[in-house]
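J.: Got query.txt for you, compact mmCIF, C-alpha atoms and all ligand atoms:
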# COMPACT_ATOMS: atom_id res chain seq x y z
CA MET T 1 -13.34 -6.68 -19.61
CA VAL T 2 -15.11 -9.95 -18.86
CA LEU T 3 -14.09 -11.96 -15.83
CA PRO T 4 -13.60 -15.49 -17.14
CA THR T 5 -13.92 -17.23 -13.77
CA LEU T 6 -14.98 -14.88 -11.03
CA GLY T 7 -14.05 -16.56 -7.80
CA GLY T 8 -11.28 -18.54 -9.47
CA ARG T 9 -7.65 -18.26 -8.55
CA SER T 10 -6.87 -15.40 -10.88
CA TRP T 11 -8.12 -13.39 -13.76
CA ARG T 12 -6.49 -11.04 -16.19
CA ALA T 13 -3.08 -12.00 -14.94
CA LYS T 14 -1.01 -8.96 -15.74
CA PRO T 15 2.49 -9.10 -14.32
CA LEU T 16 4.31 -5.79 -14.11
CA SER T 17 6.65 -5.46 -17.02
CA ARG T 18 10.27 -4.81 -16.33
CA GLY T 19 13.03 -3.22 -18.33
CA PRO T 20 16.31 -4.98 -18.96
CA ALA T 21 18.16 -5.62 -15.72
CA LEU T 22 21.29 -3.60 -15.19
CA PHE T 23 24.48 -5.50 -14.66
CA LEU T 24 25.48 -4.67 -11.14
CA ASP T 25 28.89 -4.56 -9.64
CA VAL T 26 27.71 -5.51 -6.17
CA LYS T 27 28.81 -8.36 -4.00
CA ILE T 28 26.70 -11.49 -3.77
CA ARG T 29 25.08 -11.68 -0.36
CA PRO T 30 24.43 -14.83 1.62
CA ARG T 31 20.84 -15.96 1.63
CA VAL T 32 18.96 -14.25 4.45
CA ASP T 33 15.58 -15.02 6.00
CA TYR T 34 14.10 -11.63 5.23
CA ARG T 35 10.78 -12.44 6.84
CA THR T 36 12.17 -12.63 10.33
CA GLU T 37 15.04 -10.20 10.05
CA HIS T 38 13.20 -7.19 8.67
CA LEU T 39 9.49 -7.90 9.04
CA PRO T 40 9.35 -10.00 12.21
CA LYS T 41 5.64 -9.55 12.98
CA TYR T 42 4.70 -10.34 9.40
CA GLY T 43 6.91 -13.42 9.70
CA GLU T 44 5.04 -14.48 12.83
CA VAL T 45 1.71 -14.29 10.98
CA LEU T 46 3.15 -16.52 8.27
CA ALA T 47 4.44 -18.91 10.92
CA GLY T 48 0.99 -19.11 12.51
CA THR T 49 2.01 -17.57 15.84
CA ARG T 50 0.23 -14.21 15.37
CA TRP T 51 -3.00 -13.05 13.74
CA PRO T 52 -3.06 -10.30 11.13
CA GLN T 53 -4.22 -7.06 12.74
CA PHE T 54 -7.63 -6.78 11.04
CA VAL T 55 -8.74 -10.02 12.72
CA HIS T 56 -8.54 -8.32 16.13
CA THR T 57 -9.94 -5.00 14.91
CA ARG T 58 -13.16 -6.56 13.67
CA ALA T 59 -13.54 -8.52 16.93
CA TRP T 60 -13.07 -5.38 19.08
CA ALA T 61 -16.51 -4.40 20.40
CA LEU T 62 -17.32 -0.71 20.62
CA ASP T 63 -20.24 1.44 21.65
CA TRP T 64 -20.94 4.00 18.90
CA ASP T 65 -23.95 5.49 17.19
CA PRO T 66 -24.01 5.85 13.37
CA ASP T 67 -26.16 8.97 13.79
CA ASP T 68 -23.38 10.76 15.66
CA PRO T 69 -21.44 13.50 13.88
CA THR T 70 -18.11 12.65 12.33
CA SER T 71 -16.10 14.55 14.94
CA VAL T 72 -17.63 12.40 17.70
CA LEU T 73 -17.02 9.17 15.81
CA GLU T 74 -13.43 10.16 15.08
CA THR T 75 -12.86 10.69 18.79
CA VAL T 76 -14.39 7.29 19.57
CA HIS T 77 -12.17 5.77 16.89
CA ASP T 78 -8.95 7.36 18.11
CA LEU T 79 -9.63 6.36 21.73
CA ALA T 80 -10.44 2.81 20.60
CA ILE T 81 -7.16 2.61 18.71
CA GLN T 82 -5.28 3.70 21.84
CA GLU T 83 -7.13 1.08 23.88
CA ILE T 84 -6.65 -1.80 21.48
CA ARG T 85 -2.96 -1.00 21.10
CA SER T 86 -2.35 -0.67 24.86
CA SER T 87 -4.29 -3.91 25.47
CA GLY T 88 -1.50 -5.86 23.76
CA VAL T 89 -4.06 -7.90 21.83
CA PHE T 90 -2.18 -7.48 18.55
CA ASP T 91 0.84 -9.15 20.16
CA THR T 92 -1.11 -12.05 21.65
CA PRO T 93 0.60 -15.26 20.58
CA ARG T 94 -1.51 -17.91 18.92
CA SER T 95 -0.91 -21.51 18.12
CA GLY T 96 -1.53 -22.65 14.58
CA ASP T 97 -4.73 -24.46 15.63
CA ASP T 98 -6.48 -21.49 17.27
CA GLU T 99 -9.75 -20.26 15.84
CA ALA T 100 -9.68 -16.61 14.78
CA PRO T 101 -11.52 -14.24 17.14
CA GLU T 102 -15.17 -13.94 16.06
CA PRO T 103 -16.16 -10.69 14.32
CA VAL T 104 -18.70 -8.66 16.29
CA LEU T 105 -21.39 -6.18 15.26
CA GLY T 106 -20.42 -2.54 15.77
CA SER T 107 -16.73 -3.45 15.86
CA LEU T 108 -13.84 -1.07 15.52
CA LEU T 109 -13.54 -2.23 11.90
CA GLU T 110 -17.19 -1.32 11.26
CA LEU T 111 -16.58 2.12 12.74
CA LYS T 112 -13.64 2.50 10.36
CA MET T 113 -15.93 1.52 7.45
CA GLU T 114 -18.42 4.20 8.45
CA LEU T 115 -15.72 6.87 8.76
CA ALA T 116 -14.13 5.86 5.46
CA ASP T 117 -17.46 6.26 3.66
CA ARG T 118 -17.85 9.72 5.18
CA LEU T 119 -14.30 10.66 4.18
CA ALA T 120 -15.00 9.59 0.59
CA ALA T 121 -18.42 11.30 0.37
CA GLU T 122 -16.76 14.63 -0.45
CA CYS T 123 -13.49 12.94 -1.02
CA GLN T 124 -10.65 13.73 1.34
CA LEU T 125 -8.97 10.36 1.17
CA CYS T 126 -5.79 11.77 -0.28
CA GLU T 127 -4.08 15.12 0.21
CA ARG T 128 -5.40 16.44 -3.08
CA GLY T 129 -8.60 16.94 -1.13
CA CYS T 130 -10.75 17.19 -4.28
CA GLY T 131 -14.04 17.06 -2.40
CA ALA T 132 -15.44 14.98 -5.26
CA HIS T 133 -18.92 13.51 -4.69
CA ARG T 134 -17.81 10.10 -5.83
CA ALA T 135 -20.95 8.25 -4.78
CA GLU T 136 -22.83 10.45 -7.28
CA GLY T 137 -20.43 9.40 -10.03
CA LYS T 138 -18.37 12.59 -9.88
CA ALA T 139 -14.65 11.92 -10.14
CA GLY T 140 -11.73 13.85 -8.69
CA THR T 141 -8.17 13.86 -9.97
CA CYS T 142 -7.79 10.10 -9.55
CA GLY T 143 -10.87 9.44 -11.69
CA VAL T 144 -12.12 6.84 -9.22
CA THR T 145 -15.80 6.87 -8.36
CA GLU T 146 -16.66 3.31 -7.30
CA SER T 147 -13.73 0.95 -6.87
CA ARG T 148 -12.72 -0.98 -9.97
CA ILE T 149 -10.35 -3.93 -9.96
CA SER T 150 -8.06 -4.37 -12.94
CA SER T 151 -6.62 -7.71 -12.00
CA SER T 152 -6.20 -10.21 -9.21
CA PHE T 153 -3.49 -12.84 -9.30
CA LEU T 154 -0.62 -14.49 -7.49
CA HIS T 155 2.39 -12.28 -8.11
CA HIS T 156 5.81 -13.93 -8.04
CA GLY T 157 7.80 -10.79 -8.92
CA GLU T 158 7.55 -8.88 -5.66
CA GLU T 159 10.18 -8.76 -2.90
CA HIS T 160 11.45 -12.13 -1.56
CA GLU T 161 9.46 -12.08 1.65
CA LEU T 162 6.19 -11.26 -0.10
CA VAL T 163 5.94 -13.86 -2.85
CA PRO T 164 3.71 -15.45 -3.79
CA SER T 165 1.65 -12.37 -3.14
CA HIS T 166 -2.05 -12.11 -3.93
CA THR T 167 -2.02 -8.74 -5.68
CA ILE T 168 -5.32 -6.93 -6.18
CA PHE T 169 -4.80 -4.08 -8.64
CA PHE T 170 -7.19 -1.12 -8.56
CA ALA T 171 -7.71 1.13 -11.56
CA GLY T 172 -6.92 4.82 -11.07
CA CYS T 173 -4.34 6.76 -9.08
CA ASN T 174 -4.24 9.99 -7.11
CA LEU T 175 -0.81 10.97 -8.48
CA GLU T 176 -0.13 11.84 -12.11
CA CYS T 177 3.39 10.55 -12.54
CA GLN T 178 4.59 11.45 -16.00
CA PHE T 179 6.69 8.28 -16.15
CA CYS T 180 4.15 5.90 -14.61
CA GLN T 181 5.41 2.36 -15.14
CA ASN T 182 1.84 1.14 -14.66
CA HIS T 183 0.02 3.80 -16.65
CA ASP T 184 -2.29 1.34 -18.40
CA ILE T 185 -3.96 0.86 -14.99
CA SER T 186 -3.33 4.12 -13.19
CA ARG T 187 -4.42 6.48 -15.98
CA GLN T 188 -7.48 4.45 -16.94
CA PRO T 189 -9.71 4.53 -13.87
CA LEU T 190 -12.64 3.04 -15.78
CA SER T 191 -10.63 0.09 -17.06
CA GLY T 192 -11.35 -2.32 -14.22
CA GLU T 193 -14.41 -4.24 -13.09
CA VAL T 194 -16.76 -3.29 -10.29
CA LEU T 195 -16.94 -6.17 -7.81
CA SER T 196 -18.93 -6.41 -4.62
CA ALA T 197 -17.02 -6.76 -1.35
CA GLU T 198 -18.22 -10.37 -1.20
CA GLU T 199 -16.94 -11.13 -4.70
CA CYS T 200 -13.55 -9.65 -3.87
CA ALA T 201 -13.46 -11.64 -0.61
CA ASP T 202 -14.12 -14.77 -2.71
CA LEU T 203 -11.04 -14.02 -4.80
CA ILE T 204 -8.99 -13.81 -1.61
CA LEU T 205 -10.43 -17.06 -0.26
CA HIS T 206 -9.41 -18.93 -3.39
CA ASN T 207 -5.79 -17.95 -2.82
CA GLU T 208 -5.64 -18.09 0.96
CA PHE T 209 -3.57 -21.29 1.08
CA SER T 210 -1.30 -20.40 -1.83
CA SER T 211 -0.44 -16.76 -1.02
CA ARG T 212 1.63 -15.23 1.75
CA ASN T 213 -0.39 -12.03 1.88
CA VAL T 214 -3.09 -9.90 0.32
CA ASN T 215 -1.39 -7.04 -1.50
CA TRP T 216 -3.63 -4.00 -2.23
CA VAL T 217 -2.09 -2.07 -5.10
CA GLY T 218 -2.94 -0.12 -8.24
CA GLY T 219 -2.93 2.56 -9.56
CA ASP T 220 -3.11 3.18 -5.88
CA PRO T 221 -5.25 1.72 -3.10
CA ILE T 222 -5.79 5.10 -1.35
CA PRO T 223 -9.00 6.04 -3.26
CA ASN T 224 -10.22 2.51 -2.48
CA VAL T 225 -9.78 2.40 1.30
CA PRO T 226 -13.57 2.26 1.93
CA PHE T 227 -13.84 -0.77 -0.35
CA ILE T 228 -10.84 -2.54 1.21
CA LEU T 229 -12.30 -2.15 4.70
CA LYS T 230 -15.63 -3.58 3.50
CA VAL T 231 -13.88 -6.60 1.99
CA LEU T 232 -12.09 -7.31 5.27
CA GLY T 233 -15.41 -6.95 7.06
CA VAL T 234 -16.98 -9.81 5.07
CA LEU T 235 -13.90 -11.98 4.56
CA ARG T 236 -14.33 -15.28 6.40
CA SER T 237 -10.97 -16.86 5.97
CA ARG T 238 -9.68 -20.08 7.51
CA LYS T 239 -6.16 -18.77 7.12
CA PRO T 240 -6.27 -14.95 7.34
CA ARG T 241 -3.37 -13.44 5.46
CA PRO T 242 -1.33 -10.36 6.40
CA GLN T 243 -2.55 -7.20 4.68
CA VAL T 244 0.00 -5.34 2.54
CA PHE T 245 -0.82 -1.77 1.49
CA ASN T 246 1.25 -0.96 -1.59
CA SER T 247 0.95 2.79 -2.00
CA ASN T 248 2.44 6.15 -2.94
CA MET T 249 1.43 7.26 0.60
CA PHE T 250 0.00 10.63 -0.50
CA MET T 251 -3.01 10.20 1.78
CA THR T 252 -4.52 12.32 4.52
CA GLU T 253 -3.79 11.67 8.17
CA ARG T 254 -7.43 10.60 8.64
CA THR T 255 -7.13 7.94 5.94
CA LEU T 256 -3.92 6.63 7.42
CA ALA T 257 -5.55 6.58 10.88
CA LEU T 258 -8.29 4.34 9.46
CA LEU T 259 -5.65 1.85 8.31
CA ASN T 260 -4.24 1.66 11.83
CA GLY T 261 -5.01 -1.82 13.11
CA VAL T 262 -5.76 -3.10 9.60
CA VAL T 263 -2.53 -3.01 7.59
CA ASP T 264 0.35 -5.28 8.59
CA VAL T 265 2.95 -4.10 6.08
CA TYR T 266 3.15 -0.76 4.31
CA LEU T 267 4.90 -1.41 1.00
CA THR T 268 5.58 2.19 0.12
CA ASP T 269 6.73 3.87 -3.04
CA PHE T 270 8.88 6.84 -1.98
CA LYS T 271 9.59 8.75 -5.18
CA TYR T 272 11.06 12.20 -4.58
CA GLY T 273 13.35 13.98 -2.15
CA ASN T 274 11.79 17.41 -2.67
CA ASP T 275 8.59 19.15 -3.71
CA VAL T 276 9.89 20.75 -6.91
CA CYS T 277 10.53 17.44 -8.68
CA ALA T 278 7.23 16.03 -7.36
CA SER T 279 5.29 19.03 -8.61
CA ARG T 280 6.72 18.80 -12.11
CA LEU T 281 6.74 15.03 -12.51
CA SER T 282 3.69 13.94 -10.49
CA LYS T 283 1.61 17.16 -10.63
CA VAL T 284 1.23 17.35 -6.88
CA ASP T 285 1.92 20.01 -4.24
CA GLY T 286 3.50 19.47 -0.84
CA TYR T 287 4.71 15.97 -1.66
CA PHE T 288 7.67 15.58 0.65
CA GLY T 289 5.98 16.87 3.79
CA VAL T 290 2.96 14.60 3.32
CA VAL T 291 4.82 11.44 2.35
CA SER T 292 7.53 11.82 5.00
CA ARG T 293 4.89 12.46 7.69
CA ASN T 294 3.00 9.37 6.56
CA HIS T 295 6.09 7.18 6.65
CA LYS T 296 6.59 8.16 10.29
CA MET T 297 2.95 7.41 11.09
CA ALA T 298 2.97 4.13 9.18
CA ASN T 299 6.10 3.03 11.02
CA ARG T 300 4.24 3.41 14.32
CA GLN T 301 1.28 1.34 13.07
CA ALA T 302 2.89 -1.54 11.21
CA GLU T 303 6.04 -2.74 9.50
CA LEU T 304 7.59 -0.86 6.59
CA LEU T 305 9.11 -2.05 3.36
CA VAL T 306 10.11 0.94 1.24
CA ARG T 307 10.60 0.94 -2.50
CA HIS T 308 12.45 3.61 -4.41
CA LEU T 309 12.57 3.62 -8.20
CA VAL T 310 15.73 5.49 -9.16
CA LEU T 311 15.00 8.06 -11.87
CA PRO T 312 17.61 9.23 -14.38
CA ASN T 313 19.13 12.56 -13.33
CA HIS T 314 17.41 12.44 -9.92
CA VAL T 315 19.96 10.69 -7.73
CA GLU T 316 21.29 13.89 -6.11
CA CYS T 317 17.98 15.72 -5.76
CA CYS T 318 15.71 12.78 -4.89
CA SER T 319 17.32 9.38 -4.18
CA ILE T 320 20.02 10.52 -1.76
CA PRO T 321 17.92 13.05 0.20
CA LEU T 322 15.02 10.67 0.74
CA MET T 323 17.34 7.83 1.77
CA ASN T 324 19.05 10.17 4.24
CA TRP T 325 15.70 11.32 5.61
CA LEU T 326 14.56 7.73 6.15
CA ARG T 327 17.80 6.87 7.92
CA GLU T 328 17.73 9.93 10.19
CA GLU T 329 14.02 10.04 11.02
CA ILE T 330 13.04 6.37 11.04
CA GLY T 331 16.21 4.30 11.04
CA PRO T 332 17.75 1.62 8.89
CA LEU T 333 14.95 0.16 6.81
CA ARG T 334 14.23 -2.67 4.46
CA LEU T 335 14.70 -0.65 1.28
CA ASN T 336 14.29 -1.90 -2.26
CA VAL T 337 16.31 0.35 -4.58
CA MET T 338 14.82 -0.35 -8.00
CA ASP T 339 16.61 -0.15 -11.34
CA GLN T 340 13.82 -0.94 -13.78
CA TYR T 341 12.94 2.59 -14.88
CA ARG T 342 11.68 2.87 -18.45
CA PRO T 343 10.78 6.19 -20.11
CA VAL T 344 7.10 5.36 -20.71
CA TYR T 345 3.82 7.30 -20.71
CA ARG T 346 4.76 11.02 -20.91
CA ALA T 347 8.40 10.66 -19.86
CA LYS T 348 9.61 11.76 -23.30
CA GLU T 349 8.07 15.20 -22.68
CA HIS T 350 10.56 15.77 -19.85
CA ARG T 351 14.17 15.96 -20.91
CA ASP T 352 15.59 14.76 -17.58
CA ILE T 353 13.64 11.51 -17.53
CA ALA T 354 13.35 10.92 -21.29
CA GLY T 355 16.23 8.42 -21.36
CA ARG T 356 17.26 5.30 -19.50
CA LEU T 357 18.82 5.13 -16.08
CA THR T 358 22.56 4.54 -16.36
CA THR T 359 24.38 1.84 -14.44
CA ALA T 360 26.54 4.51 -12.79
CA GLU T 361 23.48 6.37 -11.54
CA PHE T 362 21.89 3.27 -10.15
CA LEU T 363 25.07 2.15 -8.42
CA LYS T 364 25.50 5.58 -6.85
CA ALA T 365 22.00 5.39 -5.36
CA TYR T 366 22.36 1.77 -4.31
CA ARG T 367 25.76 2.24 -2.69
CA HIS T 368 24.56 5.31 -0.86
CA ALA T 369 21.67 3.35 0.65
CA GLU T 370 24.07 0.62 1.64
CA SER T 371 26.61 3.06 3.08
CA ILE T 372 24.08 4.63 5.46
CA GLY T 373 22.87 1.28 6.72
CA HIS T 374 19.59 0.57 4.97
CA LEU T 375 19.05 -3.14 5.32
CA GLY T 376 18.09 -5.97 3.07
CA LEU T 377 18.79 -4.20 -0.18
CA ASP T 378 17.52 -6.16 -3.15
S1 LIG F 1 -8.66 10.00 -3.66
FE1 LIG F 1 -9.19 10.83 -5.70
S2 LIG F 1 -11.12 11.97 -5.45
FE2 LIG F 1 -10.25 11.56 -3.40
S3 LIG F 1 -9.11 13.42 -2.89
FE3 LIG F 1 -7.66 11.99 -3.82
S4 LIG F 1 -7.61 12.41 -6.04
FE4 LIG F 1 -9.43 13.43 -5.14
Kindly transcribe the structure held in the file into C-alpha cells.
T.:
Amino acid sequence: MVLPTLGGRSWRAKPLSRGPALFLDVKIRPRVDYRTEHLPKYGEVLAGTRWPQFVHTRAWALDWDPDDPTSVLETVHDLAIQEIRSSGVFDTPRSGDDEAPEPVLGSLLELKMELADRLAAECQLCERGCGAHRAEGKAGTCGVTESRISSSFLHHGEEHELVPSHTIFFAGCNLECQFCQNHDISRQPLSGEVLSAEECADLILHNEFSSRNVNWVGGDPIPNVPFILKVLGVLRSRKPRPQVFNSNMFMTERTLALLNGVVDVYLTDFKYGNDVCASRLSKVDGYFGVVSRNHKMANRQAELLVRHLVLPNHVECCSIPLMNWLREEIGPLRLNVMDQYRPVYRAKEHRDIAGRLTTAEFLKAYRHAESIGHLGLD
C-alpha cells in the first residue's frame, strides 16, 4: 500500500462495514450529554479543564538506570505510579490557555517505553505469552513483528461521545476470532505500513483540532503498545487529545500496568461469558479470567466504555453472564450492545454462528442489559 499523503489528514479511509440495522422495539430516549454523564474525566479533557493523562506521565521526572534489571525497573515503575496517582496531578484543573507540562528526560513515560520494549523482546504483551523474538522478525500468534498501520482517519461511526474519533488501525490481532468483523486487517498482519513514531505523531497533529480523541485500534493495539508509547513520547501537540485504547483486553497484567497513566478511556470489546465459547471461537485459553481481571484493573486506571457484539445463539452463555459480571463486579457501565453481527471470515464453519443474529436475540440481550442498570445503551 502506498501512502498518498503521509502527514495529511487521512489515508486509506476504511470505515468499518456494518450489516443491516435491526428494527428495534425500544423506546426513544431523550438526548443525553454522554460525555459528562458516563465519561466525566474524558469530558473535562474535551472541555479544556483537564489534561489527558500521558501529558503528566511524560513530565513526571524519575531516577532510573536503563542498565538495571527488569525486576528493579518494574518496582521503580509501580512505585512511581502510586506516587503520581496519590499526588493528585491527574486531577489538577487547567484553564484552556495553560501550556501543557514540559516533557522531561527519563520521565515515567520513558521508563514505560523501556519496559514495553523488554516485554516485547520475547513477547509477553498478551496472555498468549508466545515469547516471540519480534525484533528479529519472528512472529507469534498475532503475526506482528514491527507495528504496521492499516489506516488512519477521522471515524464518524463510533459511539456518540467519541466522534469524530481519530482512529489508527493496526494490522494483526492476538485473538483468532472465527467471525472477525475486521478480518481484512486482523488476519493480515503484513497488510499495513511501517511508520516511524514521528510519522505517526504527524498524522495525529494533522487531526488534533478536528478530532475528539486518538483511538488506537486494530486488529488490536496490544501487540503495538511499545509503538504507541513511543508516539506519545514524541508527540508535541498544541491540543493533546484523550487516548482511547480500543481492545479485546487479552493482555498481561504487566502490559496493562504500562498503560496506567497513559490511557484515558478503555473502549473494550467483551466477547464471551465463558472459556468454552472463547476457546472454540477465538482459539484462546483462559479468556474470561484474563478479560474480567483486566476490566477491573482498567476501571481503576481510567474510564470504561464497554462494547459487546451479540452473537447468534450466544445470548444465554455469553451476553447475559458477562453483563451480569460487569454489573456485580464493576457496576452500571456505559455499555454498547451491538447488533451488527455478520457471519464473515470462518463463521460458516461453525453452525452456531453461521447465520444472522435474530431481532429476538438482540432484544433479549439489550433488554437484559437495560434491566440490570447498564447505562447509556446505544
Ligand atoms: S502480542 Fe502477539 S507475539 Fe506477543 S504474546 Fe501476544 S500473540 Fe504472541
J.: So that each row is one residue of chain T with an atom at most 6 Å from ligand LIG 1 (chain F), can you give its shortest atom pair and the distance in Å to one decimal, using only C-alpha atoms and all ligand atoms, rows by chain and rising number, as JSON lines?
T.:
{"residue": "T:Cys123", "atom": "CA", "partner": "F:LIG1", "partner_atom": "FE2", "distance": 4.3}
{"residue": "T:Gln124", "atom": "CA", "partner": "F:LIG1", "partner_atom": "S3", "distance": 4.5}
{"residue": "T:Leu125", "atom": "CA", "partner": "F:LIG1", "partner_atom": "S1", "distance": 4.9}
{"residue": "T:Cys126", "atom": "CA", "partner": "F:LIG1", "partner_atom": "FE3", "distance": 4.0}
{"residue": "T:Arg128", "atom": "CA", "partner": "F:LIG1", "partner_atom": "S3", "distance": 4.8}
{"residue": "T:Gly129", "atom": "CA", "partner": "F:LIG1", "partner_atom": "S3", "distance": 4.0}
{"residue": "T:Cys130", "atom": "CA", "partner": "F:LIG1", "partner_atom": "FE4", "distance": 4.1}
{"residue": "T:Ala132", "atom": "CA", "partner": "F:LIG1", "partner_atom": "S2", "distance": 5.3}
{"residue": "T:Ala139", "atom": "CA", "partner": "F:LIG1", "partner_atom": "S2", "distance": 5.9}
{"residue": "T:Gly140", "atom": "CA", "partner": "F:LIG1", "partner_atom": "S2", "distance": 3.8}
{"residue": "T:Thr141", "atom": "CA", "partner": "F:LIG1", "partner_atom": "S4", "distance": 4.2}
{"residue": "T:Cys142", "atom": "CA", "partner": "F:LIG1", "partner_atom": "FE1", "distance": 4.2}
{"residue": "T:Asn174", "atom": "CA", "partner": "F:LIG1", "partner_atom": "S4", "distance": 4.3}
{"residue": "T:Pro223", "atom": "CA", "partner": "F:LIG1", "partner_atom": "S1", "distance": 4.0}
J.: Could you turn the residues from that selection into a file that holds C-alpha atoms, as a PDB file, in the frame of the given file?
T.:
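Written out: again_26.pdb:
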ATOM      1  CA  CYS T 123     -13.490  12.940  -1.020  1.00  0.00           C
ATOM      2  CA  GLN T 124     -10.650  13.730   1.340  1.00  0.00           C
ATOM      3  CA  LEU T 125      -8.970  10.360   1.170  1.00  0.00           C
ATOM      4  CA  CYS T 126      -5.790  11.770  -0.280  1.00  0.00           C
ATOM      5  CA  ARG T 128      -5.400  16.440  -3.080  1.00  0.00           C
ATOM      6  CA  GLY T 129      -8.600  16.940  -1.130  1.00  0.00           C
ATOM      7  CA  CYS T 130     -10.750  17.190  -4.280  1.00  0.00           C
ATOM      8  CA  ALA T 132     -15.440  14.980  -5.260  1.00  0.00           C
ATOM      9  CA  ALA T 139     -14.650  11.920 -10.140  1.00  0.00           C
ATOM     10  CA  GLY T 140     -11.730  13.850  -8.690  1.00  0.00           C
ATOM     11  CA  THR T 141      -8.170  13.860  -9.970  1.00  0.00           C
ATOM     12  CA  CYS T 142      -7.790  10.100  -9.550  1.00  0.00           C
ATOM     13  CA  ASN T 174      -4.240   9.990  -7.110  1.00  0.00           C
ATOM     14  CA  PRO T 223      -9.000   6.040  -3.260  1.00  0.00           C
TER      15      PRO T 223
END
J.: Need to verify the contact set: T:Ala302, 8 Å, all atoms listed in the file, exclusion of same-chain residues closer than 5 positions in sequence. Can you return it as a list in words?
T.: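 My list of contacting residues is Asn260, Val263, Asp264, Val265 and Tyr266 of chain T.
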J.: List every residue of stretch 65-166 of chain T that has an atom at most 9 Å from any atom of stretch 210-221 of chain T, giving for each one its closest atom pair and the distance in Å to one decimal, counting all atoms listed in the file, sorted by chain and then by ascending residue number, as a Markdown table.
T.:
| residue | atom | partner | partner_atom | distance |
| --- | --- | --- | --- | --- |
| T:Cys142 | CA | T:Gly219 | CA | 9.0 |
| T:Ile149 | CA | T:Gly218 | CA | 8.5 |
| T:Ser150 | CA | T:Gly218 | CA | 8.1 |
| T:Leu154 | CA | T:Ser211 | CA | 6.9 |
| T:His155 | CA | T:Ser211 | CA | 8.9 |
| T:Glu161 | CA | T:Arg212 | CA | 8.4 |
| T:Leu162 | CA | T:Arg212 | CA | 6.3 |
| T:Val163 | CA | T:Arg212 | CA | 6.5 |
| T:Pro164 | CA | T:Ser211 | CA | 5.2 |
| T:Ser165 | CA | T:Ser211 | CA | 5.3 |
| T:His166 | CA | T:Val214 | CA | 4.9 |
J.: Choose the residue, out of T:Phe250, T:Phe179, T:Phe54, T:Tyr287, that has the smallest atom-to-atom separation from T:Phe90; count only C-alpha atoms.
T.: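 Of T:Phe250, T:Phe179, T:Phe54, T:Tyr287, the one nearest T:Phe90, counting only C-alpha atoms, is T:Phe54.
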J.: At what distance in Å, to one decimal, does atom CA of T:Cys173 lie from atom CA of T:Lys283?
T.: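 Result for atom CA of T:Lys283 versus atom CA of T:Cys173: 12.1 Å, one decimal.
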J.: May I have the protein, DNA and RNA residues with any atom at most 12 Å from the point (-21.3, -9.8, -4.3), counting all atoms listed in the file, written as number ranges by chain?
T.: T: 6-7, 194-203, 230-231, 234-235
J.: Find the residues around T:Val104 up to 8 Å (all atoms listed in the file counted), leave out those fewer than 6 positions away in its own chain, and share them as a ChimeraX atom specification.
T.: /T:58-61
J.: Counting only C-alpha atoms, what is within 10 Å of T:Leu258, bar same-chain residues fewer than 6 positions away, as a PDB file with C-alpha atoms, in the frame of the given file?
T.:
ATOM      1  CA  GLU T  74     -13.430  10.160  15.080  1.00  0.00           C
ATOM      2  CA  HIS T  77     -12.170   5.770  16.890  1.00  0.00           C
ATOM      3  CA  ASP T  78      -8.950   7.360  18.110  1.00  0.00           C
ATOM      4  CA  ILE T  81      -7.160   2.610  18.710  1.00  0.00           C
ATOM      5  CA  LEU T 108     -13.840  -1.070  15.520  1.00  0.00           C
ATOM      6  CA  LEU T 109     -13.540  -2.230  11.900  1.00  0.00           C
ATOM      7  CA  LEU T 111     -16.580   2.120  12.740  1.00  0.00           C
ATOM      8  CA  LYS T 112     -13.640   2.500  10.360  1.00  0.00           C
ATOM      9  CA  MET T 113     -15.930   1.520   7.450  1.00  0.00           C
ATOM     10  CA  LEU T 115     -15.720   6.870   8.760  1.00  0.00           C
ATOM     11  CA  ALA T 116     -14.130   5.860   5.460  1.00  0.00           C
ATOM     12  CA  VAL T 225      -9.780   2.400   1.300  1.00  0.00           C
ATOM     13  CA  PRO T 226     -13.570   2.260   1.930  1.00  0.00           C
ATOM     14  CA  LEU T 229     -12.300  -2.150   4.700  1.00  0.00           C
TER      15      LEU T 229
END
J.: Counting all atoms listed in the file, which of T:Lys364, T:Arg334, T:Arg280, T:His295 gets nearest to T:Ala347?
T.: T:Arg280
J.: Just the number, please: distance in Å from atom CA of T:Thr167 to atom CA of T:Val344, one decimal.
T.: 22.5 Å
J.: Considering all atoms listed in the file, state which residue in the set T:His374, T:Arg50, T:Glu329, T:Asp339 is at the smallest distance from T:Lys239.
T.: T:Arg50
J.: Point out the residue among T:Val262, T:Cys177, T:Ala135, T:Met338 with the least atom-to-atom distance to T:Glu158, counting all atoms listed in the file.
T.: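 Of the candidates, the smallest distance to T:Glu158 is held by T:Met338.
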J.: Identify, on the basis of only C-alpha atoms, every residue whose closest approach to T:Thr92 does not exceed 10 Å; exclude the query and any residue fewer than 4 positions from it along the same chain; express the result as an mmCIF file with C-alpha atoms, in the coordinates of the input.
T.:
data_model
loop_
_atom_site.group_PDB
_atom_site.id
_atom_site.type_symbol
_atom_site.label_atom_id
_atom_site.label_comp_id
_atom_site.auth_asym_id
_atom_site.auth_seq_id
_atom_site.Cartn_x
_atom_site.Cartn_y
_atom_site.Cartn_z
ATOM 1 C CA THR T 49 2.010 -17.570 15.840
ATOM 2 C CA ARG T 50 0.230 -14.210 15.370
ATOM 3 C CA TRP T 51 -3.000 -13.050 13.740
ATOM 4 C CA HIS T 56 -8.540 -8.320 16.130
ATOM 5 C CA SER T 87 -4.290 -3.910 25.470
ATOM 6 C CA GLY T 88 -1.500 -5.860 23.760
#
J.: Which residues, written as a VMD selection string, have at least one atom at most 12 Å from T:Asp68, with all atoms listed in the file counted and residues fewer than 4 positions away on the same chain left out?
T.: chain T and resid 63 to 64 72 to 76 111 114 to 115 118
J.: Using all atoms listed in the file, pick whichever of T:Val290, T:Leu309, T:Leu39, T:Ile372 has the shortest atom-to-atom distance to T:Met323.
T.: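 Between T:Val290, T:Leu309, T:Leu39, T:Ile372, the residue approaching T:Met323 most closely is T:Ile372.
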